[in-house]
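Structure file input.cif with mmCIF, C-alpha atoms:
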```
data_query
#
loop_
_atom_site.label_atom_id
_atom_site.label_comp_id
_atom_site.auth_asym_id
_atom_site.auth_seq_id
_atom_site.Cartn_x
_atom_site.Cartn_y
_atom_site.Cartn_z
CA MET A 1 -3.13 19.58 5.09
CA SER A 2 -5.96 17.36 6.42
CA LYS A 3 -8.42 18.79 3.94
CA GLU A 4 -5.98 18.18 1.10
CA ARG A 5 -5.40 14.64 2.22
CA SER A 6 -9.05 13.75 2.64
CA ARG A 7 -10.00 15.46 -0.64
CA ALA A 8 -7.36 13.52 -2.58
CA GLN A 9 -8.52 10.24 -1.14
CA ALA A 10 -12.21 10.93 -1.55
CA ILE A 11 -11.74 11.15 -5.30
CA GLY A 12 -10.87 7.95 -7.11
CA PRO A 13 -9.94 4.50 -5.82
CA SER A 14 -8.97 3.91 -2.20
CA ASP A 15 -5.34 3.42 -1.21
CA LYS A 16 -6.12 -0.23 -0.55
CA ASP A 17 -7.50 -0.69 -4.07
CA LEU A 18 -4.51 1.09 -5.57
CA ILE A 19 -1.91 -1.01 -3.79
CA ALA A 20 -3.73 -4.21 -4.77
CA ARG A 21 -3.72 -3.11 -8.40
CA ILE A 22 -0.06 -2.11 -8.22
CA ALA A 23 0.70 -5.59 -6.87
CA GLY A 24 -0.90 -6.85 -10.10
CA GLN A 25 1.44 -4.56 -12.08
CA ASP A 26 -1.22 -2.05 -12.99
CA GLN A 27 0.79 0.95 -14.21
CA GLN A 28 -2.17 3.28 -14.16
CA ALA A 29 -2.54 2.62 -10.45
CA ILE A 30 1.06 3.66 -9.70
CA GLU A 31 0.46 6.85 -11.68
CA VAL A 32 -2.62 7.62 -9.58
CA LEU A 33 -0.62 6.93 -6.42
CA PHE A 34 2.17 9.19 -7.61
CA ALA A 35 -0.25 12.03 -8.27
CA ARG A 36 -1.79 11.50 -4.85
CA TYR A 37 1.35 11.35 -2.72
CA GLN A 38 4.34 12.74 -4.60
CA VAL A 39 4.10 16.22 -3.07
CA ARG A 40 4.11 14.95 0.49
CA VAL A 41 6.92 12.50 -0.14
CA PHE A 42 8.97 15.09 -2.04
CA ARG A 43 8.62 17.74 0.66
CA PHE A 44 9.41 15.26 3.43
CA ILE A 45 12.64 14.33 1.66
CA GLN A 46 13.62 17.79 0.48
CA ARG A 47 13.32 19.28 3.97
CA ARG A 48 16.06 16.89 4.95
CA VAL A 49 18.35 16.58 1.99
CA ARG A 50 18.03 20.29 1.03
CA SER A 51 18.42 19.59 -2.66
CA GLU A 52 15.58 19.59 -5.17
CA ALA A 53 17.49 17.31 -7.55
CA VAL A 54 18.30 14.77 -4.85
CA ALA A 55 14.75 14.97 -3.48
CA GLU A 56 13.34 14.26 -6.95
CA GLU A 57 15.63 11.28 -7.38
CA LEU A 58 14.77 9.84 -3.98
CA THR A 59 11.05 10.47 -4.48
CA ASN A 60 11.17 8.38 -7.65
CA GLU A 61 13.08 5.71 -5.76
CA VAL A 62 10.30 5.62 -3.16
CA PHE A 63 7.66 4.98 -5.81
CA MET A 64 9.85 2.40 -7.53
CA GLU A 65 10.11 0.63 -4.20
CA VAL A 66 6.32 0.75 -3.88
CA TRP A 67 6.04 -0.73 -7.40
CA ARG A 68 8.42 -3.56 -6.54
CA SER A 69 7.09 -4.27 -3.04
CA ALA A 70 3.34 -3.69 -3.35
CA ALA A 71 2.56 -7.39 -3.03
CA ARG A 72 4.38 -7.46 0.31
CA PHE A 73 2.36 -4.55 1.80
CA GLU A 74 0.25 -6.18 4.45
CA GLY A 75 -1.96 -3.21 5.32
CA ARG A 76 -1.00 -3.16 8.99
CA SER A 77 -0.09 0.51 8.63
CA SER A 78 -1.56 3.18 6.39
CA LEU A 79 -0.15 3.43 2.88
CA SER A 80 1.08 6.98 3.55
CA SER A 81 3.04 5.97 6.63
CA TRP A 82 4.49 2.98 4.75
CA MET A 83 5.70 5.26 1.94
CA LEU A 84 7.06 7.87 4.34
CA GLY A 85 8.92 5.06 6.09
CA ILE A 86 10.56 4.15 2.79
CA ALA A 87 11.29 7.86 2.19
CA HIS A 88 12.80 8.19 5.67
CA ASN A 89 15.18 5.29 5.07
CA LYS A 90 16.25 6.67 1.71
CA ALA A 91 16.86 10.13 3.18
CA VAL A 92 18.88 8.66 6.05
CA SER A 93 21.03 6.68 3.63
CA MET A 94 21.62 9.76 1.52
CA LEU A 95 22.49 11.94 4.50
CA ARG A 96 24.99 9.39 5.77
CA LYS A 97 26.88 9.70 2.53
CA ARG A 98 27.26 13.43 2.93
CA ARG A 99 29.81 15.21 5.06
CA ASP A 100 28.38 16.45 8.35
CA ASP A 101 30.25 19.71 8.00
CA GLU A 102 28.44 20.60 4.82
CA LEU A 103 25.08 20.27 6.56
CA GLU A 104 26.06 22.20 9.66
CA ASP A 105 27.38 25.06 7.57
CA ASP A 106 24.08 25.30 5.73
CA ALA A 107 22.17 25.29 9.00
CA ALA A 108 24.36 27.94 10.57
CA LEU A 109 23.72 30.29 7.67
CA ALA A 110 20.04 30.28 8.54
CA ILE A 111 20.69 32.71 11.42
CA GLU A 112 23.81 34.81 11.38
CA ASP A 113 25.26 36.33 14.48
CA ASP A 114 25.54 39.78 12.91
CA ALA A 115 22.99 42.32 14.06
CA ASP A 116 23.73 44.57 11.08
CA ASP A 117 22.64 41.93 8.54
CA PRO A 118 19.38 43.15 7.01
CA GLU A 119 18.16 39.60 6.60
CA VAL A 120 18.65 38.89 10.31
CA THR A 121 16.99 42.17 11.16
CA ALA A 122 14.03 41.21 9.01
CA GLN A 123 13.86 37.80 10.66
CA LYS A 124 13.89 39.33 14.10
CA THR A 125 11.00 41.57 13.28
CA ASP A 126 9.15 38.75 11.52
CA LYS A 127 8.80 36.19 14.27
CA GLY A 128 7.26 33.70 11.89
CA ALA A 129 10.27 33.80 9.59
CA LEU A 130 12.54 33.53 12.63
CA LEU A 131 10.68 30.50 13.88
CA ARG A 132 10.95 28.89 10.44
CA ALA A 133 14.69 29.56 10.37
CA CYS A 134 15.08 27.99 13.81
CA LEU A 135 13.02 24.97 12.73
CA ASP A 136 15.43 24.61 9.86
CA ARG A 137 18.38 24.58 12.28
CA LEU A 138 17.09 21.52 14.09
CA SER A 139 19.01 18.27 13.71
CA ASP A 140 17.72 15.79 11.16
CA ASP A 141 16.17 13.61 13.87
CA HIS A 142 14.33 16.53 15.45
CA LYS A 143 13.25 18.07 12.16
CA THR A 144 11.90 14.73 11.00
CA ILE A 145 9.72 14.36 14.07
CA VAL A 146 8.47 17.94 13.85
CA ASP A 147 7.58 17.59 10.16
CA LEU A 148 5.88 14.24 10.67
CA VAL A 149 3.77 15.53 13.56
CA TYR A 150 2.92 19.05 12.46
CA TYR A 151 2.85 18.80 8.66
CA GLN A 152 2.40 15.15 7.72
CA GLU A 153 -0.10 14.81 10.64
CA MET A 154 1.11 11.42 11.72
CA SER A 155 -0.01 9.89 15.02
CA ILE A 156 2.51 8.79 17.65
CA ALA A 157 2.22 5.19 16.46
CA GLU A 158 2.69 6.18 12.82
CA VAL A 159 5.74 8.28 13.59
CA ALA A 160 7.19 5.37 15.55
CA GLU A 161 6.68 3.06 12.59
CA ILE A 162 8.07 5.50 10.01
CA VAL A 163 11.20 6.35 11.97
CA GLY A 164 11.62 2.91 13.52
CA ILE A 165 11.69 3.95 17.17
CA PRO A 166 9.46 3.16 20.16
CA GLU A 167 6.42 5.37 20.81
CA ASN A 168 7.86 6.71 24.05
CA THR A 169 10.99 7.74 22.19
CA VAL A 170 8.79 9.61 19.70
CA LYS A 171 7.27 11.63 22.54
CA THR A 172 10.58 12.42 24.23
CA ARG A 173 12.24 13.24 20.92
CA MET A 174 9.45 15.71 20.14
CA PHE A 175 9.86 17.23 23.60
CA TYR A 176 13.59 17.75 23.05
CA ALA A 177 13.03 19.07 19.52
CA ARG A 178 10.72 21.75 20.92
CA LYS A 179 13.16 22.49 23.73
CA LYS A 180 15.98 22.94 21.20
CA LEU A 181 13.76 25.19 19.14
CA SER A 182 13.19 27.42 22.14
CA GLU A 183 16.96 27.56 22.77
CA PHE A 184 17.58 28.68 19.18
CA LEU A 185 14.87 31.32 19.48
CA LYS A 186 16.36 32.59 22.74
CA GLU A 187 19.77 32.88 21.06
CA ALA A 188 18.07 34.98 18.42
CA GLY A 189 16.52 37.21 21.03
CA VAL A 190 13.07 35.69 21.40
CA ASP A 191 12.26 34.31 24.81
CA ARG A 192 9.12 32.19 24.65
CA GLY A 193 9.08 31.58 28.40
CA TRP A 194 9.44 27.84 27.88
CA PRO A 195 10.99 25.58 28.97
CA MET B 196 4.04 15.62 26.03
CA LEU B 197 0.87 14.89 24.05
CA LEU B 198 0.10 18.54 23.28
CA PRO B 199 1.71 18.57 19.81
CA TRP B 200 -0.53 15.68 18.74
CA PHE B 201 -3.51 17.28 20.45
CA VAL B 202 -2.99 20.43 18.39
CA ALA B 203 -2.48 18.36 15.21
CA GLY B 204 -5.65 16.41 15.98
CA THR B 205 -3.97 13.04 15.69
CA LEU B 206 -4.53 11.61 19.15
CA ASP B 207 -7.01 8.80 19.57
CA VAL B 208 -10.40 9.79 20.95
CA ALA B 209 -9.63 8.76 24.54
CA ASP B 210 -6.34 10.70 24.68
CA GLN B 211 -7.87 13.71 22.93
CA GLU B 212 -10.59 13.90 25.60
CA ARG B 213 -8.10 13.32 28.42
CA VAL B 214 -5.89 16.19 27.22
CA ALA B 215 -8.92 18.46 26.70
CA ARG B 216 -9.99 17.83 30.28
CA TYR B 217 -6.45 18.53 31.53
CA LEU B 218 -6.35 21.82 29.63
CA SER B 219 -9.70 22.84 31.05
CA ALA B 220 -8.40 22.18 34.53
CA HIS B 221 -5.06 23.93 33.89
CA PRO B 222 -5.67 27.17 31.96
CA GLU B 223 -2.01 28.14 32.44
CA MET B 224 -1.25 25.54 29.77
CA ASN B 225 -2.96 27.69 27.13
CA ALA B 226 0.29 29.60 26.68
CA GLN B 227 2.04 26.36 25.84
CA LEU B 228 -0.78 25.50 23.45
CA LYS B 229 -0.24 28.81 21.66
CA LEU B 230 3.48 28.10 21.25
CA ILE B 231 2.70 24.72 19.69
CA GLN B 232 0.12 26.24 17.36
CA ASP B 233 2.76 28.73 16.20
CA GLU B 234 5.26 25.91 15.66
CA GLN B 235 2.73 23.96 13.66
CA GLY B 236 1.77 26.97 11.56
CA GLU B 237 5.37 27.76 10.65
CA THR B 238 6.18 24.11 9.96
CA VAL B 239 3.27 23.95 7.54
CA LEU B 240 4.39 27.20 5.89
CA ALA B 241 7.96 25.94 5.60
CA ASN B 242 6.76 22.77 3.87
CA GLU B 243 4.25 24.48 1.62
CA SER B 244 6.87 26.94 0.41
CA LEU B 245 8.41 23.93 -1.29
CA GLY B 246 6.96 22.63 -4.51
CA GLY B 247 6.44 19.04 -5.45
CA ALA B 248 8.49 16.83 -7.68
CA PRO B 249 9.41 18.78 -10.84
CA ALA B 250 7.53 18.28 -14.10
CA GLY B 251 8.82 15.23 -15.86
CA ALA B 252 9.23 13.21 -12.65
CA LEU B 253 6.27 11.01 -13.51
CA ALA B 254 7.67 10.35 -16.97
CA LYS B 255 10.98 9.31 -15.41
CA LEU B 256 9.14 6.98 -13.05
CA LYS B 257 7.23 5.40 -15.93
CA ASP B 258 10.45 4.89 -17.86
CA ALA B 259 12.07 3.28 -14.85
CA ILE B 260 9.09 0.96 -14.40
CA ALA B 261 9.12 0.04 -18.08
CA ALA B 262 12.77 -0.90 -17.74
CA GLN B 263 11.96 -3.31 -14.92
CA PRO B 264 11.66 -7.00 -15.80
CA ARG B 265 8.01 -8.00 -15.60
CA ARG B 266 7.11 -9.97 -12.51
CA LEU B 267 5.66 -13.40 -13.25
CA THR B 268 2.55 -13.12 -11.15
CA ALA B 269 -0.14 -15.73 -11.75
CA ALA B 270 -2.41 -13.02 -13.12
CA ALA B 271 0.30 -11.77 -15.50
CA VAL B 272 0.94 -15.30 -16.83
CA ARG B 273 -2.77 -15.90 -17.38
CA ARG B 274 -3.16 -12.54 -19.16
CA SER B 275 -0.14 -13.33 -21.31
CA LEU B 276 -1.40 -16.80 -22.22
CA TRP B 277 -4.89 -15.58 -23.06
CA ALA B 278 -3.45 -12.66 -25.05
CA GLU B 279 -1.37 -15.13 -27.07
CA LEU B 280 -4.36 -17.38 -27.68
CA GLY B 281 -6.44 -14.37 -28.68
CA ARG B 282 -3.81 -13.34 -31.22
CA LEU B 283 -3.62 -16.92 -32.53
CA PHE B 284 -7.33 -17.07 -33.26
CA SER B 285 -7.78 -13.50 -34.46
CA THR B 286 -4.81 -13.30 -36.83
CA PRO B 287 -3.56 -16.81 -37.47
CA THR B 288 -0.41 -17.11 -39.53
CA PRO B 289 0.31 -20.28 -41.49
CA ARG B 290 3.09 -21.23 -39.09
CA ALA B 291 0.86 -20.53 -36.07
CA VAL B 292 -1.87 -22.74 -37.57
CA GLN B 293 0.69 -25.52 -38.14
CA TRP B 294 1.86 -25.33 -34.53
CA ALA B 295 -1.71 -25.21 -33.25
CA GLY B 296 -2.57 -28.29 -35.31
CA ALA B 297 0.46 -30.15 -34.01
CA ALA B 298 -0.37 -29.20 -30.42
CA ALA B 299 -3.98 -30.35 -30.90
CA ALA B 300 -2.79 -33.68 -32.31
CA VAL B 301 -0.48 -34.23 -29.35
CA LEU B 302 -3.31 -33.39 -26.98
CA VAL B 303 -5.61 -35.92 -28.64
CA VAL B 304 -2.98 -38.66 -28.41
CA VAL B 305 -2.26 -37.92 -24.75
CA GLN B 306 -5.95 -37.84 -23.93
CA ALA B 307 -6.48 -41.19 -25.66
CA ALA B 308 -3.62 -42.72 -23.71
CA VAL B 309 -5.02 -41.47 -20.41
CA ILE B 310 -8.54 -42.67 -21.13
CA GLY B 311 -7.21 -45.98 -22.39
CA GLY B 312 -5.18 -46.42 -19.24
CA MET B 313 -8.18 -45.69 -17.09
CA LEU B 314 -10.28 -48.26 -18.94
CA ILE B 315 -7.64 -50.99 -18.67
CA LYS B 316 -7.14 -50.53 -14.95
CA SER B 317 -10.26 -51.31 -12.95
CA PRO B 318 -10.23 -50.69 -9.17
CA GLY B 319 -10.06 -53.95 -7.12
CA GLY B 320 -11.12 -56.20 -9.94
CA ALA B 321 -9.80 -58.13 -12.90
CA PRO B 322 -9.36 -56.26 -16.08
CA ASN B 323 -12.08 -56.64 -18.68
CA SER B 324 -14.61 -57.60 -16.07
CA GLY B 325 -17.24 -56.32 -18.46
CA GLU B 326 -18.09 -53.46 -16.15
CA PRO B 327 -16.73 -49.97 -16.87
CA ALA B 328 -14.39 -48.87 -14.09
CA ILE B 329 -16.10 -45.51 -13.92
CA ALA B 330 -19.34 -47.08 -12.71
CA LYS B 331 -17.58 -48.38 -9.59
CA ARG B 332 -16.71 -44.86 -8.35
CA ASN B 333 -18.83 -43.43 -5.58
CA LEU B 334 -20.39 -40.47 -7.33
CA ASP B 335 -21.62 -39.00 -4.07
CA ALA B 336 -18.13 -38.70 -2.58
CA PRO B 337 -16.62 -35.24 -3.05
CA ARG B 338 -13.78 -35.21 -5.50
CA VAL B 339 -10.56 -33.46 -4.71
CA ALA B 340 -9.52 -31.41 -7.70
CA GLU B 341 -6.38 -29.47 -8.26
CA ASN B 342 -7.03 -25.79 -8.72
CA ARG B 343 -4.52 -23.01 -8.86
CA ALA B 344 -5.08 -20.66 -5.91
CA PRO B 345 -5.28 -16.87 -6.42
CA SER B 346 -1.85 -16.45 -5.02
CA SER B 347 0.04 -19.10 -3.22
CA GLY B 348 3.21 -17.09 -3.20
CA ASN B 349 5.63 -19.77 -4.28
CA GLY B 350 3.35 -20.92 -7.12
CA ALA B 351 2.49 -24.19 -5.35
CA VAL B 352 -0.79 -25.78 -6.36
CA ARG B 353 -3.31 -26.10 -3.58
CA ARG B 354 -6.16 -28.54 -3.58
CA PHE B 355 -9.73 -27.43 -3.15
CA ARG B 356 -12.47 -29.84 -2.29
CA VAL B 357 -15.07 -29.03 -4.90
CA ALA B 358 -18.77 -29.81 -4.99
CA SER B 359 -19.52 -32.74 -7.26
CA GLY B 360 -22.38 -34.97 -8.34
CA GLY B 361 -25.11 -35.80 -5.89
CA VAL B 362 -25.05 -32.29 -4.25
CA THR B 363 -27.51 -29.56 -5.23
CA GLN B 364 -26.30 -26.70 -7.40
CA GLY B 365 -27.25 -24.12 -4.76
CA THR B 366 -26.52 -20.47 -5.53
CA ARG B 367 -23.30 -19.66 -7.31
CA VAL B 368 -21.46 -16.51 -8.36
CA ILE B 369 -18.30 -15.85 -10.31
CA VAL B 370 -15.60 -13.96 -8.42
CA ARG B 371 -12.05 -12.82 -8.87
CA PHE B 372 -9.92 -12.60 -5.77
CA THR B 373 -7.58 -9.73 -5.02
CA PRO B 374 -4.30 -10.35 -6.84
CA GLY B 375 -1.45 -11.23 -4.54
CA LEU B 376 -3.76 -12.31 -1.72
CA PRO B 377 -2.33 -15.31 0.18
CA MET B 378 -4.35 -18.48 -0.28
CA ASP B 379 -4.83 -18.82 3.46
CA LYS B 380 -6.71 -15.53 3.56
CA VAL B 381 -8.99 -16.70 0.73
CA ALA B 382 -9.71 -19.98 2.48
CA GLU B 383 -10.41 -18.24 5.79
CA PHE B 384 -12.69 -15.73 4.13
CA LEU B 385 -14.67 -18.43 2.35
CA ARG B 386 -14.98 -20.37 5.57
CA THR B 387 -16.42 -17.35 7.40
CA GLN B 388 -18.87 -16.79 4.54
CA ARG B 389 -19.79 -20.50 4.42
CA ALA B 390 -18.90 -20.42 0.76
CA GLU B 391 -16.78 -22.74 -1.30
CA ILE B 392 -15.01 -22.73 -4.62
CA VAL B 393 -16.70 -25.16 -6.99
CA ALA B 394 -14.75 -24.46 -10.16
CA GLY B 395 -11.82 -22.48 -11.42
CA PRO B 396 -9.64 -20.83 -12.24
CA LYS B 397 -11.55 -19.86 -15.32
CA PRO B 398 -10.24 -17.50 -18.01
CA GLY B 399 -9.35 -14.14 -16.52
CA GLY B 400 -8.59 -15.64 -13.11
CA PHE B 401 -12.25 -16.07 -12.11
CA PHE B 402 -13.56 -18.74 -9.77
CA GLU B 403 -17.06 -20.12 -9.42
CA VAL B 404 -18.06 -19.87 -5.78
CA ARG B 405 -21.12 -21.45 -4.23
CA ILE B 406 -22.48 -19.00 -1.67
CA SER B 407 -25.39 -21.18 -0.55
CA LYS B 408 -26.29 -24.83 -0.84
CA ASP B 409 -29.89 -23.73 -1.35
CA LYS B 410 -31.39 -21.78 -4.20
CA LEU B 411 -31.66 -18.24 -2.78
CA SER B 412 -34.45 -15.84 -3.60
CA PRO B 413 -33.43 -12.78 -5.67
CA SER B 414 -33.33 -10.53 -2.60
CA GLU B 415 -31.37 -13.08 -0.53
CA ARG B 416 -28.94 -13.50 -3.42
CA GLU B 417 -28.49 -9.73 -3.72
CA SER B 418 -27.84 -9.46 -0.02
CA ALA B 419 -25.26 -12.26 -0.11
CA ILE B 420 -23.51 -10.68 -3.11
CA ALA B 421 -23.44 -7.26 -1.39
CA LYS B 422 -21.78 -8.87 1.59
CA LEU B 423 -19.11 -10.39 -0.62
CA LYS B 424 -18.60 -7.12 -2.47
CA SER B 425 -17.97 -5.30 0.82
CA ALA B 426 -14.91 -7.48 1.41
CA THR B 427 -12.84 -5.38 -0.97
CA ASP B 428 -9.61 -6.67 0.53
CA VAL B 429 -10.46 -10.19 -0.67
CA ILE B 430 -12.80 -9.84 -3.63
CA SER B 431 -11.70 -7.65 -6.52
CA GLN B 432 -14.58 -8.46 -8.85
CA ILE B 433 -17.86 -10.35 -8.64
CA VAL B 434 -20.19 -11.38 -11.43
CA PRO B 435 -23.68 -12.21 -10.14
#
```
What does this structure look like when you write it as structure tokens?
Amino acid sequence: MSKERSRAQAIGPSDKDLIARIAGQDQQAIEVLFARYQVRVFRFIQRRVRSEAVAEELTNEVFMEVWRSAARFEGRSSLSSWMLGIAHNKAVSMLRKRRDDELEDDAALAIEDDADDPEVTAQKTDKGALLRACLDRLSDDHKTIVDLVYYQEMSIAEVAEIVGIPENTVKTRMFYARKKLSEFLKEAGVDRGWP
Amino acid sequence: MLLPWFVAGTLDVADQERVARYLSAHPEMNAQLKLIQDEQGETVLANESLGGAPAGALAKLKDAIAAQPRRLTAAAVRRSLWAELGRLFSTPTPRAVQWAGAAAAVLVVVQAAVIGGMLIKSPGGAPNSGEPAIAKRNLDAPRVAENRAPSSGNGAVRRFRVASGGVTQGTRVIVRFTPGLPMDKVAEFLRTQRAEIVAGPKPGGFFEVRISKDKLSPSERESAIAKLKSATDVISQIVP
């Protein structure tokens, strides 16, 4: 992920240049920004809303927001964390509109409590797949933190800004996310010896 | 609690070293480190198994942007005005020529009225004293001119004290400031560079900036220009 990020930014104008040009209504600049960041934004949203169509719609809304608000970007945070903050708010709004039951049902299907299910059997033998399934079972708050730290490679301060919580809360939320993950793995028969 | 960020490599240098020292002193924590590395690996895999926005998403974005009403930024208004003038002079229609002629005539009349008014009124003295009012002005005093700032947000006009007669030309360059930059930032930047705007805005949103009251040598001038160029958050273009 880091190599991808640094490679994308090494080629072409800097993020700072792009946002300045977007503030001046330079459409080419927003296209460059889209090419640079759409994958990260899309994946961040899709992991939460679990729908490609909704993720596409919200991703476009994020870039529209960037287009409209570029002049107000003060550069106190990185451009990526600013955009992921917008994406976070859009995902939260979308999730609030959905029924909780629908989400919990989807999460529960990730690991079934039936030892005869071949898929579960395969997951149990493939610890990686099992871990991914358990990551998917995490609550939205926990999954967000995990994705931001492990995949989006955001610092504690950046996560705090994106999610809108204090830095200490970021650390404790990550702790409890990992603890929950271990509980799910234990339920599935994998004891990691922690916590 | 910092281990996930240590593994991701996103701690600041001091914390990264502190955690590294802790791990060296507590080898039993390596097991925990391994768990976190596994979590990170599977999180990355889970994300990378997803694609990006489907083909056609960029086209939808462009359509949505095109449907937006254009923002009236100062730069956009200037581009629009200059584009209109360019069209007027490159492909004049009879009606456009008529309007241009009428506008020029109005301008001449207004200008005559202003100059006439200035000549009639003489500062502190009787009219028709036989001495042009202009001669009584102190040419060495700096004039305050009204110049439109790069971006003053609410479109208010700010006044710049410009260099005027009696002061040396010094060394000047033509710059364009970053669009959308608050005027305060421009003023602060110029103050730190001991530079000042002497004219502008010119066509294209450029300003003439005096970077030294003295005539700089070519190498000194290059060095001063390089310093300005490095301030990419303030200066978007510079013409030596």
Point to revise | the PyMOL selection byres ((chain A) within 7 of (chain B)) resolved against shown file, as a PyMOL selection string | key: chain A and resi 20+23-24+38-39+42-43+56+60+71+128+131-132+147+149-151+153-155+171+175
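We find atom CA of A:Ser182 and atom CA of A:Trp194 to be spaced 6.9 Å apart.
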Study note, to complete from the structure: Pairwise distance, atom CA of A:Met64 with atom CA of A:Val49, equals 19.1 Å
Exercise for review: Provide the atom CA of B:Leu411 to atom CA of B:Thr366 distance in Å, to one decimal place.
Suggested key: 6.2 Å
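For the file at hand, the PyMOL selection byres ((chain B and resi 379-388) around 10) resolves to B:Ala344, B:Pro345, B:Ser346, B:Ser347, B:Phe355, B:Phe372, B:Thr373, B:Leu376, B:Pro377, B:Met378, B:Arg389, B:Ala390, B:Glu391, B:Ile392, B:Val404, B:Arg405, B:Ile406, B:Ser407, B:Ala419, B:Lys422, B:Leu423, B:Ala426, B:Asp428, B:Val429, B:Ile430.
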How about saving the chosen residues, C-alpha atoms kept, as an mmCIF file, in the frame of the given file?
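Generated output (result_30.cif):
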```
data_model
loop_
_atom_site.group_PDB
_atom_site.id
_atom_site.type_symbol
_atom_site.label_atom_id
_atom_site.label_comp_id
_atom_site.auth_asym_id
_atom_site.auth_seq_id
_atom_site.Cartn_x
_atom_site.Cartn_y
_atom_site.Cartn_z
ATOM 1 C CA ALA B 344 -5.080 -20.660 -5.910
ATOM 2 C CA PRO B 345 -5.280 -16.870 -6.420
ATOM 3 C CA SER B 346 -1.850 -16.450 -5.020
ATOM 4 C CA SER B 347 0.040 -19.100 -3.220
ATOM 5 C CA PHE B 355 -9.730 -27.430 -3.150
ATOM 6 C CA PHE B 372 -9.920 -12.600 -5.770
ATOM 7 C CA THR B 373 -7.580 -9.730 -5.020
ATOM 8 C CA LEU B 376 -3.760 -12.310 -1.720
ATOM 9 C CA PRO B 377 -2.330 -15.310 0.180
ATOM 10 C CA MET B 378 -4.350 -18.480 -0.280
ATOM 11 C CA ARG B 389 -19.790 -20.500 4.420
ATOM 12 C CA ALA B 390 -18.900 -20.420 0.760
ATOM 13 C CA GLU B 391 -16.780 -22.740 -1.300
ATOM 14 C CA ILE B 392 -15.010 -22.730 -4.620
ATOM 15 C CA VAL B 404 -18.060 -19.870 -5.780
ATOM 16 C CA ARG B 405 -21.120 -21.450 -4.230
ATOM 17 C CA ILE B 406 -22.480 -19.000 -1.670
ATOM 18 C CA SER B 407 -25.390 -21.180 -0.550
ATOM 19 C CA ALA B 419 -25.260 -12.260 -0.110
ATOM 20 C CA LYS B 422 -21.780 -8.870 1.590
ATOM 21 C CA LEU B 423 -19.110 -10.390 -0.620
ATOM 22 C CA ALA B 426 -14.910 -7.480 1.410
ATOM 23 C CA ASP B 428 -9.610 -6.670 0.530
ATOM 24 C CA VAL B 429 -10.460 -10.190 -0.670
ATOM 25 C CA ILE B 430 -12.800 -9.840 -3.630
#
```
Given the PyMOL selection byres ((chain A and resi 142) around 12), the residues it picks as an mmCIF file with C-alpha atoms, in the frame of the given file:
```cif
data_model
loop_
_atom_site.group_PDB
_atom_site.id
_atom_site.type_symbol
_atom_site.label_atom_id
_atom_site.label_comp_id
_atom_site.auth_asym_id
_atom_site.auth_seq_id
_atom_site.Cartn_x
_atom_site.Cartn_y
_atom_site.Cartn_z
ATOM 1 C CA ARG A 47 13.320 19.280 3.970
ATOM 2 C CA ARG A 48 16.060 16.890 4.950
ATOM 3 C CA CYS A 134 15.080 27.990 13.810
ATOM 4 C CA LEU A 135 13.020 24.970 12.730
ATOM 5 C CA ASP A 136 15.430 24.610 9.860
ATOM 6 C CA ARG A 137 18.380 24.580 12.280
ATOM 7 C CA LEU A 138 17.090 21.520 14.090
ATOM 8 C CA SER A 139 19.010 18.270 13.710
ATOM 9 C CA ASP A 140 17.720 15.790 11.160
ATOM 10 C CA ASP A 141 16.170 13.610 13.870
ATOM 11 C CA LYS A 143 13.250 18.070 12.160
ATOM 12 C CA THR A 144 11.900 14.730 11.000
ATOM 13 C CA ILE A 145 9.720 14.360 14.070
ATOM 14 C CA VAL A 146 8.470 17.940 13.850
ATOM 15 C CA ASP A 147 7.580 17.590 10.160
ATOM 16 C CA LEU A 148 5.880 14.240 10.670
ATOM 17 C CA VAL A 149 3.770 15.530 13.560
ATOM 18 C CA VAL A 163 11.200 6.350 11.970
ATOM 19 C CA THR A 169 10.990 7.740 22.190
ATOM 20 C CA VAL A 170 8.790 9.610 19.700
ATOM 21 C CA LYS A 171 7.270 11.630 22.540
ATOM 22 C CA THR A 172 10.580 12.420 24.230
ATOM 23 C CA ARG A 173 12.240 13.240 20.920
ATOM 24 C CA MET A 174 9.450 15.710 20.140
ATOM 25 C CA PHE A 175 9.860 17.230 23.600
ATOM 26 C CA TYR A 176 13.590 17.750 23.050
ATOM 27 C CA ALA A 177 13.030 19.070 19.520
ATOM 28 C CA ARG A 178 10.720 21.750 20.920
ATOM 29 C CA LYS A 179 13.160 22.490 23.730
ATOM 30 C CA LYS A 180 15.980 22.940 21.200
ATOM 31 C CA LEU A 181 13.760 25.190 19.140
#
```
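If you measure from each of B:Gly251, B:Gln306, B:Pro264, B:Arg213 to A:Gln25 using all atoms listed in the file, the closest one turns out to be B:Pro264.
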Practice item. Tell me which protein, DNA and RNA residues are within 12 Å of A:Tyr37, counting only C-alpha atoms, leaving out same-chain ones fewer than 2 positions away, and put them as a ChimeraX atom specification. Key: /A:4-6,8-9,15,30-35,39-44,59-60,62-63,66,79-84,87,152 /B:247-248,253
Check your understanding: Counting only C-alpha atoms, which residues come within 12 Å of (21.2, 10.7, 2.1), with the point read in the file's coordinates, and could you list them as number ranges by chain?
Key -> A: 45-51, 54-55, 57-58, 87-100, 103, 140
